[in-house]
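Chemist: Coordinates in upload39.pdb, PDB, C-alpha atoms and all ligand atoms, are listed below.
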```
ATOM      1  CA  MET A 304       0.000   0.000   0.000  1.00  0.00           C
ATOM      2  CA  THR A 305       1.268   3.475  -0.838  1.00  0.00           C
ATOM      3  CA  THR A 306       0.314   6.446   1.335  1.00  0.00           C
ATOM      4  CA  SER A 307       0.981  10.136   0.739  1.00  0.00           C
ATOM      5  CA  ASN A 308      -0.635  13.329   2.056  1.00  0.00           C
ATOM      6  CA  THR A 309      -4.210  12.230   2.953  1.00  0.00           C
ATOM      7  CA  ARG A 310      -4.363   9.498   0.339  1.00  0.00           C
ATOM      8  CA  THR A 311      -3.838   5.767   0.437  1.00  0.00           C
ATOM      9  CA  ALA A 312      -3.628   3.589  -2.671  1.00  0.00           C
ATOM     10  CA  GLU A 313      -5.163   0.088  -2.638  1.00  0.00           C
ATOM     11  CA  HIS A 314      -2.150  -1.287  -4.500  1.00  0.00           C
ATOM     12  CA  PRO A 315       1.513  -0.287  -4.722  1.00  0.00           C
ATOM     13  CA  ILE A 316       2.092   2.691  -7.029  1.00  0.00           C
ATOM     14  CA  ASP A 317       4.631   5.465  -7.308  1.00  0.00           C
ATOM     15  CA  ARG A 318       3.921   8.206  -4.760  1.00  0.00           C
ATOM     16  CA  GLN A 319       3.820  10.836  -7.508  1.00  0.00           C
ATOM     17  CA  PHE A 320       0.279   9.706  -8.405  1.00  0.00           C
ATOM     18  CA  LEU A 321      -0.975  10.490  -4.898  1.00  0.00           C
ATOM     19  CA  GLU A 322       1.008  13.691  -4.550  1.00  0.00           C
ATOM     20  CA  ARG A 323      -0.495  15.290  -7.649  1.00  0.00           C
ATOM     21  CA  TRP A 324      -3.683  17.098  -6.738  1.00  0.00           C
ATOM     22  CA  SER A 325      -5.559  20.224  -7.748  1.00  0.00           C
ATOM     23  CA  PRO A 326      -5.438  23.101  -5.281  1.00  0.00           C
ATOM     24  CA  ARG A 327      -7.289  26.367  -5.815  1.00  0.00           C
ATOM     25  CA  ALA A 328      -5.120  28.440  -3.503  1.00  0.00           C
ATOM     26  CA  PHE A 329      -2.056  29.667  -5.330  1.00  0.00           C
ATOM     27  CA  THR A 330       0.748  31.991  -4.373  1.00  0.00           C
ATOM     28  CA  GLN A 331       0.988  34.912  -6.769  1.00  0.00           C
ATOM     29  CA  ASP A 332       4.348  33.731  -8.106  1.00  0.00           C
ATOM     30  CA  THR A 333       5.176  34.154 -11.752  1.00  0.00           C
ATOM     31  CA  ILE A 334       6.462  31.139 -13.645  1.00  0.00           C
ATOM     32  CA  PRO A 335       9.593  31.111 -15.790  1.00  0.00           C
ATOM     33  CA  GLU A 336       9.017  30.194 -19.417  1.00  0.00           C
ATOM     34  CA  SER A 337      11.570  27.383 -18.962  1.00  0.00           C
ATOM     35  CA  ALA A 338       9.431  25.684 -16.280  1.00  0.00           C
ATOM     36  CA  LEU A 339       6.388  25.776 -18.528  1.00  0.00           C
ATOM     37  CA  GLN A 340       8.431  24.363 -21.401  1.00  0.00           C
ATOM     38  CA  THR A 341       9.423  21.459 -19.141  1.00  0.00           C
ATOM     39  CA  PHE A 342       5.767  20.644 -18.410  1.00  0.00           C
ATOM     40  CA  LEU A 343       4.902  20.879 -22.109  1.00  0.00           C
ATOM     41  CA  GLU A 344       7.882  18.670 -22.926  1.00  0.00           C
ATOM     42  CA  ALA A 345       6.405  15.957 -20.691  1.00  0.00           C
ATOM     43  CA  ALA A 346       3.094  16.297 -22.558  1.00  0.00           C
ATOM     44  CA  ARG A 347       4.983  15.894 -25.819  1.00  0.00           C
ATOM     45  CA  TRP A 348       5.945  12.327 -24.899  1.00  0.00           C
ATOM     46  CA  ALA A 349       2.400  11.099 -24.351  1.00  0.00           C
ATOM     47  CA  PRO A 350       1.249   8.231 -26.572  1.00  0.00           C
ATOM     48  CA  SER A 351      -1.355   8.867 -29.269  1.00  0.00           C
ATOM     49  CA  SER A 352      -3.173   6.957 -31.976  1.00  0.00           C
ATOM     50  CA  TYR A 353      -0.897   6.701 -35.057  1.00  0.00           C
ATOM     51  CA  ASN A 354       1.486   8.965 -33.116  1.00  0.00           C
ATOM     52  CA  SER A 355      -0.724  11.736 -34.469  1.00  0.00           C
ATOM     53  CA  GLN A 356      -0.087  13.999 -31.432  1.00  0.00           C
ATOM     54  CA  PRO A 357      -3.383  15.885 -31.722  1.00  0.00           C
ATOM     55  CA  TRP A 358      -2.871  18.025 -28.580  1.00  0.00           C
ATOM     56  CA  ARG A 359      -2.339  21.785 -28.772  1.00  0.00           C
ATOM     57  CA  PHE A 360      -1.678  24.199 -25.901  1.00  0.00           C
ATOM     58  CA  VAL A 361      -2.070  27.975 -26.064  1.00  0.00           C
ATOM     59  CA  TYR A 362      -0.967  29.693 -22.886  1.00  0.00           C
ATOM     60  CA  ALA A 363      -0.427  32.939 -21.028  1.00  0.00           C
ATOM     61  CA  ARG A 364       1.782  33.647 -18.036  1.00  0.00           C
ATOM     62  CA  ARG A 365       1.045  36.071 -15.214  1.00  0.00           C
ATOM     63  CA  GLY A 366       2.846  39.342 -15.787  1.00  0.00           C
ATOM     64  CA  THR A 367       2.661  39.187 -19.569  1.00  0.00           C
ATOM     65  CA  GLU A 368       0.436  41.174 -21.925  1.00  0.00           C
ATOM     66  CA  HIS A 369      -1.712  38.057 -22.532  1.00  0.00           C
ATOM     67  CA  TRP A 370      -2.649  37.354 -18.901  1.00  0.00           C
ATOM     68  CA  THR A 371      -5.857  39.385 -18.530  1.00  0.00           C
ATOM     69  CA  ARG A 372      -7.230  38.116 -21.843  1.00  0.00           C
ATOM     70  CA  PHE A 373      -6.688  34.477 -20.794  1.00  0.00           C
ATOM     71  CA  LEU A 374      -8.302  35.049 -17.392  1.00  0.00           C
ATOM     72  CA  GLY A 375     -11.336  36.171 -19.387  1.00  0.00           C
ATOM     73  CA  PHE A 376     -11.511  32.683 -20.947  1.00  0.00           C
ATOM     74  CA  LEU A 377     -12.542  31.188 -17.562  1.00  0.00           C
ATOM     75  CA  ASN A 378     -16.024  31.234 -16.085  1.00  0.00           C
ATOM     76  CA  GLU A 379     -16.640  33.538 -13.150  1.00  0.00           C
ATOM     77  CA  PHE A 380     -16.202  30.855 -10.478  1.00  0.00           C
ATOM     78  CA  ASN A 381     -12.878  29.649 -11.835  1.00  0.00           C
ATOM     79  CA  ARG A 382     -11.628  33.174 -12.506  1.00  0.00           C
ATOM     80  CA  GLY A 383     -12.185  33.942  -8.817  1.00  0.00           C
ATOM     81  CA  TRP A 384      -9.387  31.640  -7.675  1.00  0.00           C
ATOM     82  CA  ALA A 385      -7.347  31.078 -10.847  1.00  0.00           C
ATOM     83  CA  GLN A 386      -6.502  34.787 -10.993  1.00  0.00           C
ATOM     84  CA  HIS A 387      -3.760  33.965  -8.460  1.00  0.00           C
ATOM     85  CA  ALA A 388      -2.203  31.230 -10.627  1.00  0.00           C
ATOM     86  CA  ALA A 389       0.985  31.714 -12.616  1.00  0.00           C
ATOM     87  CA  ALA A 390      -0.153  30.383 -15.996  1.00  0.00           C
ATOM     88  CA  ILE A 391      -3.363  29.511 -17.829  1.00  0.00           C
ATOM     89  CA  LEU A 392      -3.241  27.005 -20.650  1.00  0.00           C
ATOM     90  CA  ILE A 393      -6.037  26.354 -23.138  1.00  0.00           C
ATOM     91  CA  VAL A 394      -5.983  22.713 -24.231  1.00  0.00           C
ATOM     92  CA  LEU A 395      -7.139  21.955 -27.774  1.00  0.00           C
ATOM     93  CA  SER A 396      -7.164  18.815 -29.876  1.00  0.00           C
ATOM     94  CA  LYS A 397      -7.122  18.320 -33.630  1.00  0.00           C
ATOM     95  CA  ARG A 398     -10.079  16.211 -34.728  1.00  0.00           C
ATOM     96  CA  THR A 399      -8.528  14.954 -37.974  1.00  0.00           C
ATOM     97  CA  PHE A 400      -5.214  13.576 -39.216  1.00  0.00           C
ATOM     98  CA  ALA A 401      -3.618  12.182 -42.371  1.00  0.00           C
ATOM     99  CA  PRO A 402      -2.922   8.436 -41.873  1.00  0.00           C
ATOM    100  CA  PRO A 403       0.548   7.172 -42.870  1.00  0.00           C
ATOM    101  CA  GLY A 404       0.882   7.241 -46.665  1.00  0.00           C
ATOM    102  CA  ALA A 405      -2.363   9.194 -47.167  1.00  0.00           C
ATOM    103  CA  THR A 406      -2.705  12.809 -48.163  1.00  0.00           C
ATOM    104  CA  ASP A 407      -6.345  13.299 -47.223  1.00  0.00           C
ATOM    105  CA  ALA A 408      -7.252  13.902 -43.600  1.00  0.00           C
ATOM    106  CA  VAL A 409      -9.707  11.569 -41.884  1.00  0.00           C
ATOM    107  CA  ALA A 410     -11.432  11.767 -38.512  1.00  0.00           C
ATOM    108  CA  LEU A 411      -9.239  10.902 -35.530  1.00  0.00           C
ATOM    109  CA  ALA A 412     -11.561   9.112 -33.096  1.00  0.00           C
ATOM    110  CA  SER A 413      -9.061   9.372 -30.244  1.00  0.00           C
ATOM    111  CA  HIS A 414      -8.287  13.104 -30.391  1.00  0.00           C
ATOM    112  CA  SER A 415      -9.698  13.764 -26.916  1.00  0.00           C
ATOM    113  CA  PHE A 416      -8.360  10.526 -25.415  1.00  0.00           C
ATOM    114  CA  ASP A 417      -4.829  11.262 -26.649  1.00  0.00           C
ATOM    115  CA  THR A 418      -4.980  14.870 -25.473  1.00  0.00           C
ATOM    116  CA  GLY A 419      -6.160  13.702 -22.061  1.00  0.00           C
ATOM    117  CA  ALA A 420      -3.009  11.601 -21.799  1.00  0.00           C
ATOM    118  CA  ALA A 421      -0.888  14.633 -22.715  1.00  0.00           C
ATOM    119  CA  TRP A 422      -2.540  16.814 -20.066  1.00  0.00           C
ATOM    120  CA  GLY A 423      -2.009  14.021 -17.523  1.00  0.00           C
ATOM    121  CA  TYR A 424       1.692  13.894 -18.301  1.00  0.00           C
ATOM    122  CA  LEU A 425       1.909  17.681 -18.031  1.00  0.00           C
ATOM    123  CA  ALA A 426       0.151  17.678 -14.658  1.00  0.00           C
ATOM    124  CA  LEU A 427       2.425  14.967 -13.270  1.00  0.00           C
ATOM    125  CA  GLN A 428       5.552  16.781 -14.455  1.00  0.00           C
ATOM    126  CA  ALA A 429       4.314  20.032 -12.910  1.00  0.00           C
ATOM    127  CA  SER A 430       3.742  18.227  -9.607  1.00  0.00           C
ATOM    128  CA  LEU A 431       7.178  16.568  -9.733  1.00  0.00           C
ATOM    129  CA  SER A 432       8.695  20.011 -10.363  1.00  0.00           C
ATOM    130  CA  GLY A 433       7.055  21.552  -7.290  1.00  0.00           C
ATOM    131  CA  TRP A 434       4.128  23.198  -9.099  1.00  0.00           C
ATOM    132  CA  LYS A 435       0.434  22.312  -9.281  1.00  0.00           C
ATOM    133  CA  ALA A 436      -1.724  22.021 -12.402  1.00  0.00           C
ATOM    134  CA  HIS A 437      -5.523  22.282 -12.020  1.00  0.00           C
ATOM    135  CA  GLY A 438      -7.778  21.234 -14.919  1.00  0.00           C
ATOM    136  CA  LEU A 439     -10.738  23.480 -15.760  1.00  0.00           C
ATOM    137  CA  ALA A 440     -13.859  22.564 -17.730  1.00  0.00           C
ATOM    138  CA  GLY A 441     -15.578  25.778 -16.632  1.00  0.00           C
ATOM    139  CA  ILE A 442     -14.456  27.918 -19.530  1.00  0.00           C
ATOM    140  CA  GLU A 443     -16.035  30.180 -22.160  1.00  0.00           C
ATOM    141  CA  ARG A 444     -15.611  28.022 -25.262  1.00  0.00           C
ATOM    142  CA  ASP A 445     -17.274  30.333 -27.801  1.00  0.00           C
ATOM    143  CA  HIS A 446     -15.248  33.264 -26.530  1.00  0.00           C
ATOM    144  CA  ILE A 447     -12.005  31.262 -26.718  1.00  0.00           C
ATOM    145  CA  ARG A 448     -12.737  30.060 -30.246  1.00  0.00           C
ATOM    146  CA  ALA A 449     -13.460  33.580 -31.468  1.00  0.00           C
ATOM    147  CA  GLU A 450     -10.682  35.376 -29.587  1.00  0.00           C
ATOM    148  CA  LEU A 451      -7.921  32.880 -30.460  1.00  0.00           C
ATOM    149  CA  ALA A 452      -9.318  32.204 -33.957  1.00  0.00           C
ATOM    150  CA  ILE A 453      -9.489  28.451 -33.365  1.00  0.00           C
ATOM    151  CA  PRO A 454     -10.537  26.587 -36.552  1.00  0.00           C
ATOM    152  CA  GLU A 455     -13.569  24.237 -36.311  1.00  0.00           C
ATOM    153  CA  ASP A 456     -11.254  21.274 -36.884  1.00  0.00           C
ATOM    154  CA  TYR A 457      -9.927  21.756 -33.346  1.00  0.00           C
ATOM    155  CA  ALA A 458     -11.881  20.844 -30.225  1.00  0.00           C
ATOM    156  CA  ILE A 459     -11.594  23.098 -27.190  1.00  0.00           C
ATOM    157  CA  GLU A 460     -11.031  20.524 -24.474  1.00  0.00           C
ATOM    158  CA  ALA A 461     -10.346  22.376 -21.228  1.00  0.00           C
ATOM    159  CA  ALA A 462      -8.071  24.890 -19.549  1.00  0.00           C
ATOM    160  CA  VAL A 463      -5.320  24.317 -16.991  1.00  0.00           C
ATOM    161  CA  ALA A 464      -4.259  26.710 -14.242  1.00  0.00           C
ATOM    162  CA  ILE A 465      -0.691  26.230 -13.035  1.00  0.00           C
ATOM    163  CA  GLY A 466       0.856  27.770  -9.960  1.00  0.00           C
ATOM    164  CA  ARG A 467       2.582  27.178  -6.654  1.00  0.00           C
ATOM    165  CA  ALA A 468       0.187  25.872  -3.995  1.00  0.00           C
ATOM    166  CA  GLY A 469      -0.655  28.697  -1.605  1.00  0.00           C
ATOM    167  CA  ASP A 470      -2.326  29.286   1.762  1.00  0.00           C
ATOM    168  CA  LYS A 471      -5.942  28.114   1.768  1.00  0.00           C
ATOM    169  CA  ALA A 472      -6.822  31.075   3.993  1.00  0.00           C
ATOM    170  CA  SER A 473      -6.653  33.142   0.797  1.00  0.00           C
ATOM    171  CA  LEU A 474      -9.788  31.350  -0.504  1.00  0.00           C
ATOM    172  CA  LEU A 475     -13.470  31.987   0.177  1.00  0.00           C
ATOM    173  CA  GLU A 476     -14.622  29.990   3.198  1.00  0.00           C
ATOM    174  CA  ALA A 477     -16.632  27.465   1.161  1.00  0.00           C
ATOM    175  CA  LEU A 478     -13.570  26.671  -0.915  1.00  0.00           C
ATOM    176  CA  GLN A 479     -11.249  26.391   2.082  1.00  0.00           C
ATOM    177  CA  LYS A 480     -13.158  23.268   3.184  1.00  0.00           C
ATOM    178  CA  ARG A 481     -12.505  21.606  -0.192  1.00  0.00           C
ATOM    179  CA  GLU A 482      -8.815  22.527  -0.304  1.00  0.00           C
ATOM    180  CA  THR A 483      -7.383  19.065   0.350  1.00  0.00           C
ATOM    181  CA  PRO A 484      -6.367  16.087  -1.800  1.00  0.00           C
ATOM    182  CA  SER A 485      -9.569  14.246  -2.687  1.00  0.00           C
ATOM    183  CA  PRO A 486     -10.264  10.504  -2.269  1.00  0.00           C
ATOM    184  CA  ARG A 487     -11.231   8.056  -5.013  1.00  0.00           C
ATOM    185  CA  GLN A 488     -13.861   5.385  -5.625  1.00  0.00           C
ATOM    186  CA  PRO A 489     -12.605   1.827  -5.022  1.00  0.00           C
ATOM    187  CA  LEU A 490     -10.727   0.241  -7.897  1.00  0.00           C
ATOM    188  CA  SER A 491     -13.403  -2.469  -8.171  1.00  0.00           C
ATOM    189  CA  SER A 492     -15.968   0.224  -9.070  1.00  0.00           C
ATOM    190  CA  PHE A 493     -14.288   0.985 -12.403  1.00  0.00           C
ATOM    191  CA  ALA A 494     -12.330  -2.101 -13.496  1.00  0.00           C
ATOM    192  CA  ALA A 495     -13.554  -5.653 -13.946  1.00  0.00           C
ATOM    193  CA  GLU A 496     -12.287  -8.716 -15.737  1.00  0.00           C
ATOM    194  CA  GLY A 497     -14.328 -10.329 -18.472  1.00  0.00           C
ATOM    195  CA  GLN A 498     -17.643  -8.526 -18.275  1.00  0.00           C
ATOM    196  CA  PHE A 499     -19.284  -5.189 -17.712  1.00  0.00           C
ATOM    197  CA  VAL A 500     -20.609  -5.172 -14.152  1.00  0.00           C
ATOM    198  CA  PHE A 501     -20.899  -1.497 -13.241  1.00  0.00           C
TER     199      PHE A 501
HETATM  200  C1  LIG B   1     -11.024  18.117 -17.306  1.00  0.00           C
HETATM  201  C2  LIG B   1     -11.157  18.675 -15.908  1.00  0.00           C
HETATM  202  C3  LIG B   1     -12.012  19.718 -15.666  1.00  0.00           C
HETATM  203  C4  LIG B   1     -12.101  20.286 -14.394  1.00  0.00           C
HETATM  204  N1  LIG B   1     -12.860  21.422 -14.222  1.00  0.00           N
HETATM  205  C5  LIG B   1     -12.802  22.082 -13.055  1.00  0.00           C
HETATM  206  C6  LIG B   1     -13.414  23.363 -12.932  1.00  0.00           C
HETATM  207  O1  LIG B   1     -14.003  23.906 -13.876  1.00  0.00           O
HETATM  208  N2  LIG B   1     -13.309  23.994 -11.729  1.00  0.00           N
HETATM  209  C7  LIG B   1     -12.644  23.447 -10.667  1.00  0.00           C
HETATM  210  O2  LIG B   1     -12.575  24.098  -9.623  1.00  0.00           O
HETATM  211  N3  LIG B   1     -12.047  22.229 -10.761  1.00  0.00           N
HETATM  212  C8  LIG B   1     -12.092  21.548 -11.937  1.00  0.00           C
HETATM  213  N4  LIG B   1     -11.444  20.344 -12.072  1.00  0.00           N
HETATM  214  C9  LIG B   1     -10.724  19.730 -10.939  1.00  0.00           C
HETATM  215  C10 LIG B   1     -11.393  18.448 -10.472  1.00  0.00           C
HETATM  216  O3  LIG B   1     -12.529  18.763  -9.703  1.00  0.00           O
HETATM  217  C11 LIG B   1     -10.367  17.608  -9.696  1.00  0.00           C
HETATM  218  O4  LIG B   1      -9.341  17.207 -10.579  1.00  0.00           O
HETATM  219  C12 LIG B   1     -11.015  16.368  -9.091  1.00  0.00           C
HETATM  220  O5  LIG B   1     -11.915  16.727  -8.074  1.00  0.00           O
HETATM  221  C13 LIG B   1      -9.976  15.410  -8.518  1.00  0.00           C
HETATM  222  O6  LIG B   1      -9.192  16.075  -7.563  1.00  0.00           O
HETATM  223  P1  LIG B   1      -7.601  16.134  -7.657  1.00  0.00           P
HETATM  224  O7  LIG B   1      -7.250  16.656  -9.037  1.00  0.00           O
HETATM  225  O8  LIG B   1      -7.185  17.078  -6.579  1.00  0.00           O
HETATM  226  O9  LIG B   1      -7.079  14.750  -7.487  1.00  0.00           O
HETATM  227  C14 LIG B   1     -11.356  19.740 -13.326  1.00  0.00           C
HETATM  228  C15 LIG B   1     -10.510  18.653 -13.577  1.00  0.00           C
HETATM  229  C16 LIG B   1     -10.386  18.130 -14.849  1.00  0.00           C
HETATM  230  C17 LIG B   1      -9.418  16.998 -15.097  1.00  0.00           C
END
```
What would you get if you wrote out this structure as structure tokens?
Ligand SMILES: Cc1cc2nc3c(=O)[nH]c(=O)nc-3n(C[C@H](O)[C@H](O)[C@H](O)COP(=O)(O)O)c2cc1C

Modeler:
Amino acid sequence: MTTSNTRTAEHPIDRQFLERWSPRAFTQDTIPESALQTFLEAARWAPSSYNSQPWRFVYARRGTEHWTRFLGFLNEFNRGWAQHAAAILIVLSKRTFAPPGATDAVALASHSFDTGAAWGYLALQASLSGWKAHGLAGIERDHIRAELAIPEDYAIEAAVAIGRAGDKASLLEALQKRETPSPRQPLSSFAAEGQFVF
């Protein structure tokens, strides 16, 4: 059994999987471009169908000219706490690809699945590097598509706020109660051998 922070795994795993979690309290640190490049480099090595690498990341760092515009891509609730983060990434995926030897693009069924793997790698690398990455589905998709001129061939998957974990006292009281690594359903609730039993 592996234990870390408030979490205990049912089976032996590397502690990094328990130590990654998604805080909402961030210090107001800025992040060096080199740190962000390291997290994106980890994402780069994710597996994907046909090695098509459909993930795309468009980002802004606190303290740059892009920051306020990217904060505006989040819904009001998320903007409330993510304004203290150091970077906001918009995660996109390309819905089509040209198979090996073909010139015409066809639909890539796994574009979201592959991009999910890439975000997972990025989040783990951020955690290993002493930062935290928090996924965000609460975003203004139409606004993002228009403002960043995202072609229809690309899905807007989510956003990610990255920062250094901060003092939970900086959050609204309701959020302070939730500011702790969350538990998980038992493994038997999502994996079964031989038949679908859920
Ligand atoms: C794709 C995705 C979307 C999420 N959207 C939001 C969000 O809009 N707002 C928020 O506060 N947390 C959001 N979360 C964070 C999840 O609630 C969190 O990952 C989950 O409760 C598990 O907790 P942990 O990441 O600390 O292990 C999102 C996470 C993911 C992966």

Chemist: Mind giving me the axis-aligned box for ligand LIG 1 (chain B) with 3 Å on every side, centre plus edges in Å to one decimal, as AutoDock Vina command-line options?

Modeler:
```
--center_x -10.5 --center_y 19.4 --center_z -11.9 --size_x 12.9 --size_y 15.3 --size_z 16.7
```

Chemist: Residues around (-0.3, 26.5, -13.5), cut-off 8 Å, counting all atoms listed in the file - what are they as a list in words?

Modeler: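 Result, sorted by chain then residue number: Ala388, Ala389, Ala390, Ile391, Leu392, Ala429, Trp434, Lys435, Ala436, His437, Val463, Ala464, Ile465, Gly466 and Arg467 of chain A.
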
Chemist: Point out the residue among A:Lys397, A:Arg323, A:His414, A:Arg359 with the least atom-to-atom distance to ligand LIG 1 (chain B), counting only C-alpha atoms and all ligand atoms.

Modeler: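 Looking only at the distances to ligand LIG 1 (chain B), the closest residue turns out to be A:Arg323.
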
Chemist: Suppose a student applies the PyMOL selection byres (((chain A and resi 310-315) around 9) and not hetatm) to this structure; what residues should they get, written as an MDAnalysis selection string?

Modeler: chainID A and resid 304:309 316:318 321:322 484:487 489:490

Chemist: One decimal, in Å: what's the spacing between CA of Asp332 in chain A and CA of Ala477 in chain A?

Modeler: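 Calculated distance between CA of Asp332 in chain A and CA of Ala477 in chain A is 23.8 Å.
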
Chemist: Using all atoms listed in the file for the distances, tell me which of A:Ala452, A:Ala328, A:Ala401, A:Ile442 is nearest to Gln356 in chain A.

Modeler: A:Ala401

Chemist: Using only C-alpha atoms and all ligand atoms, which residues of the polymer chains come no farther than 6 Å from ligand LIG 1 (chain B)? I'd like the answer as a list in words.

Modeler: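 Using only C-alpha atoms and all ligand atoms, everything at most 6 Å from ligand LIG 1 (chain B) comes to Trp324, Ser325, Asn381, His437, Gly438, Leu439, Ala440, Gly441, Ala461, Pro484 and Ser485 of chain A.
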
Chemist: Which residues, named as in the file, does the PyMOL selection byres (((chain A and resi 387) around 6) and not hetatm) pick out? Answer as a ChimeraX atom specification.

Modeler: /A:329,331,385-386,388

Chemist: Mind pulling up the distance from CA of Val394 in chain A to CA of Asn354 in chain A?

Modeler: 18.0 Å

Chemist: One decimal, Å: what's the distance from CA of Leu377 in chain A over to CA of Ser355 in chain A, could you say?

Modeler: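 Taking CA of Leu377 in chain A and CA of Ser355 in chain A, their separation equals 28.4 Å.
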
Chemist: I'd like the neighbourhood of Ala338 in chain A as a list in words, where a residue qualifies if any of its atoms comes within 10 Å (using all atoms listed in the file), though same-chain residues fewer than 4 positions away should be ignored.

Modeler: Ile334, Phe342, Leu343, Glu344, Gln428, Ala429, Ser432 and Trp434 of chain A

Chemist: Go through the shown structure with the PyMOL selection byres (((chain A and resi 352) around 12) and not hetatm) and write out the matching residues as a list of chain:residue names.

Modeler: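 Checked against the file, the PyMOL selection byres (((chain A and resi 352) around 12) and not hetatm) matches A:Ala349, A:Pro350, A:Ser351, A:Tyr353, A:Asn354, A:Ser355, A:Gln356, A:Pro357, A:Trp358, A:Arg398, A:Thr399, A:Phe400, A:Ala401, A:Pro402, A:Pro403, A:Ala410, A:Leu411, A:Ala412, A:Ser413, A:His414, A:Ser415, A:Phe416, A:Asp417, A:Thr418, A:Ala420.
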
Chemist: My list of candidates is A:Val409, A:Gly366, A:Val361, A:Gly469. Which is closest to Asp456 in chain A when distances are computed with all atoms listed in the file?

Modeler: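 Of A:Val409, A:Gly366, A:Val361, A:Gly469, the one nearest Asp456 in chain A, counting all atoms listed in the file, is A:Val409.
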
Chemist: Which of these, A:Arg327, A:Ile447, A:Gly404, A:Ala472, has the shortest distance to Gly383 in chain A once you count all atoms listed in the file?

Modeler: A:Arg327

Chemist: So, counting only C-alpha atoms, which residue among A:Phe499, A:Glu455, A:Glu450, A:Glu482 is closest to His369 in chain A?

Modeler: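 For His369 in chain A, the nearest of the candidates is A:Glu450.
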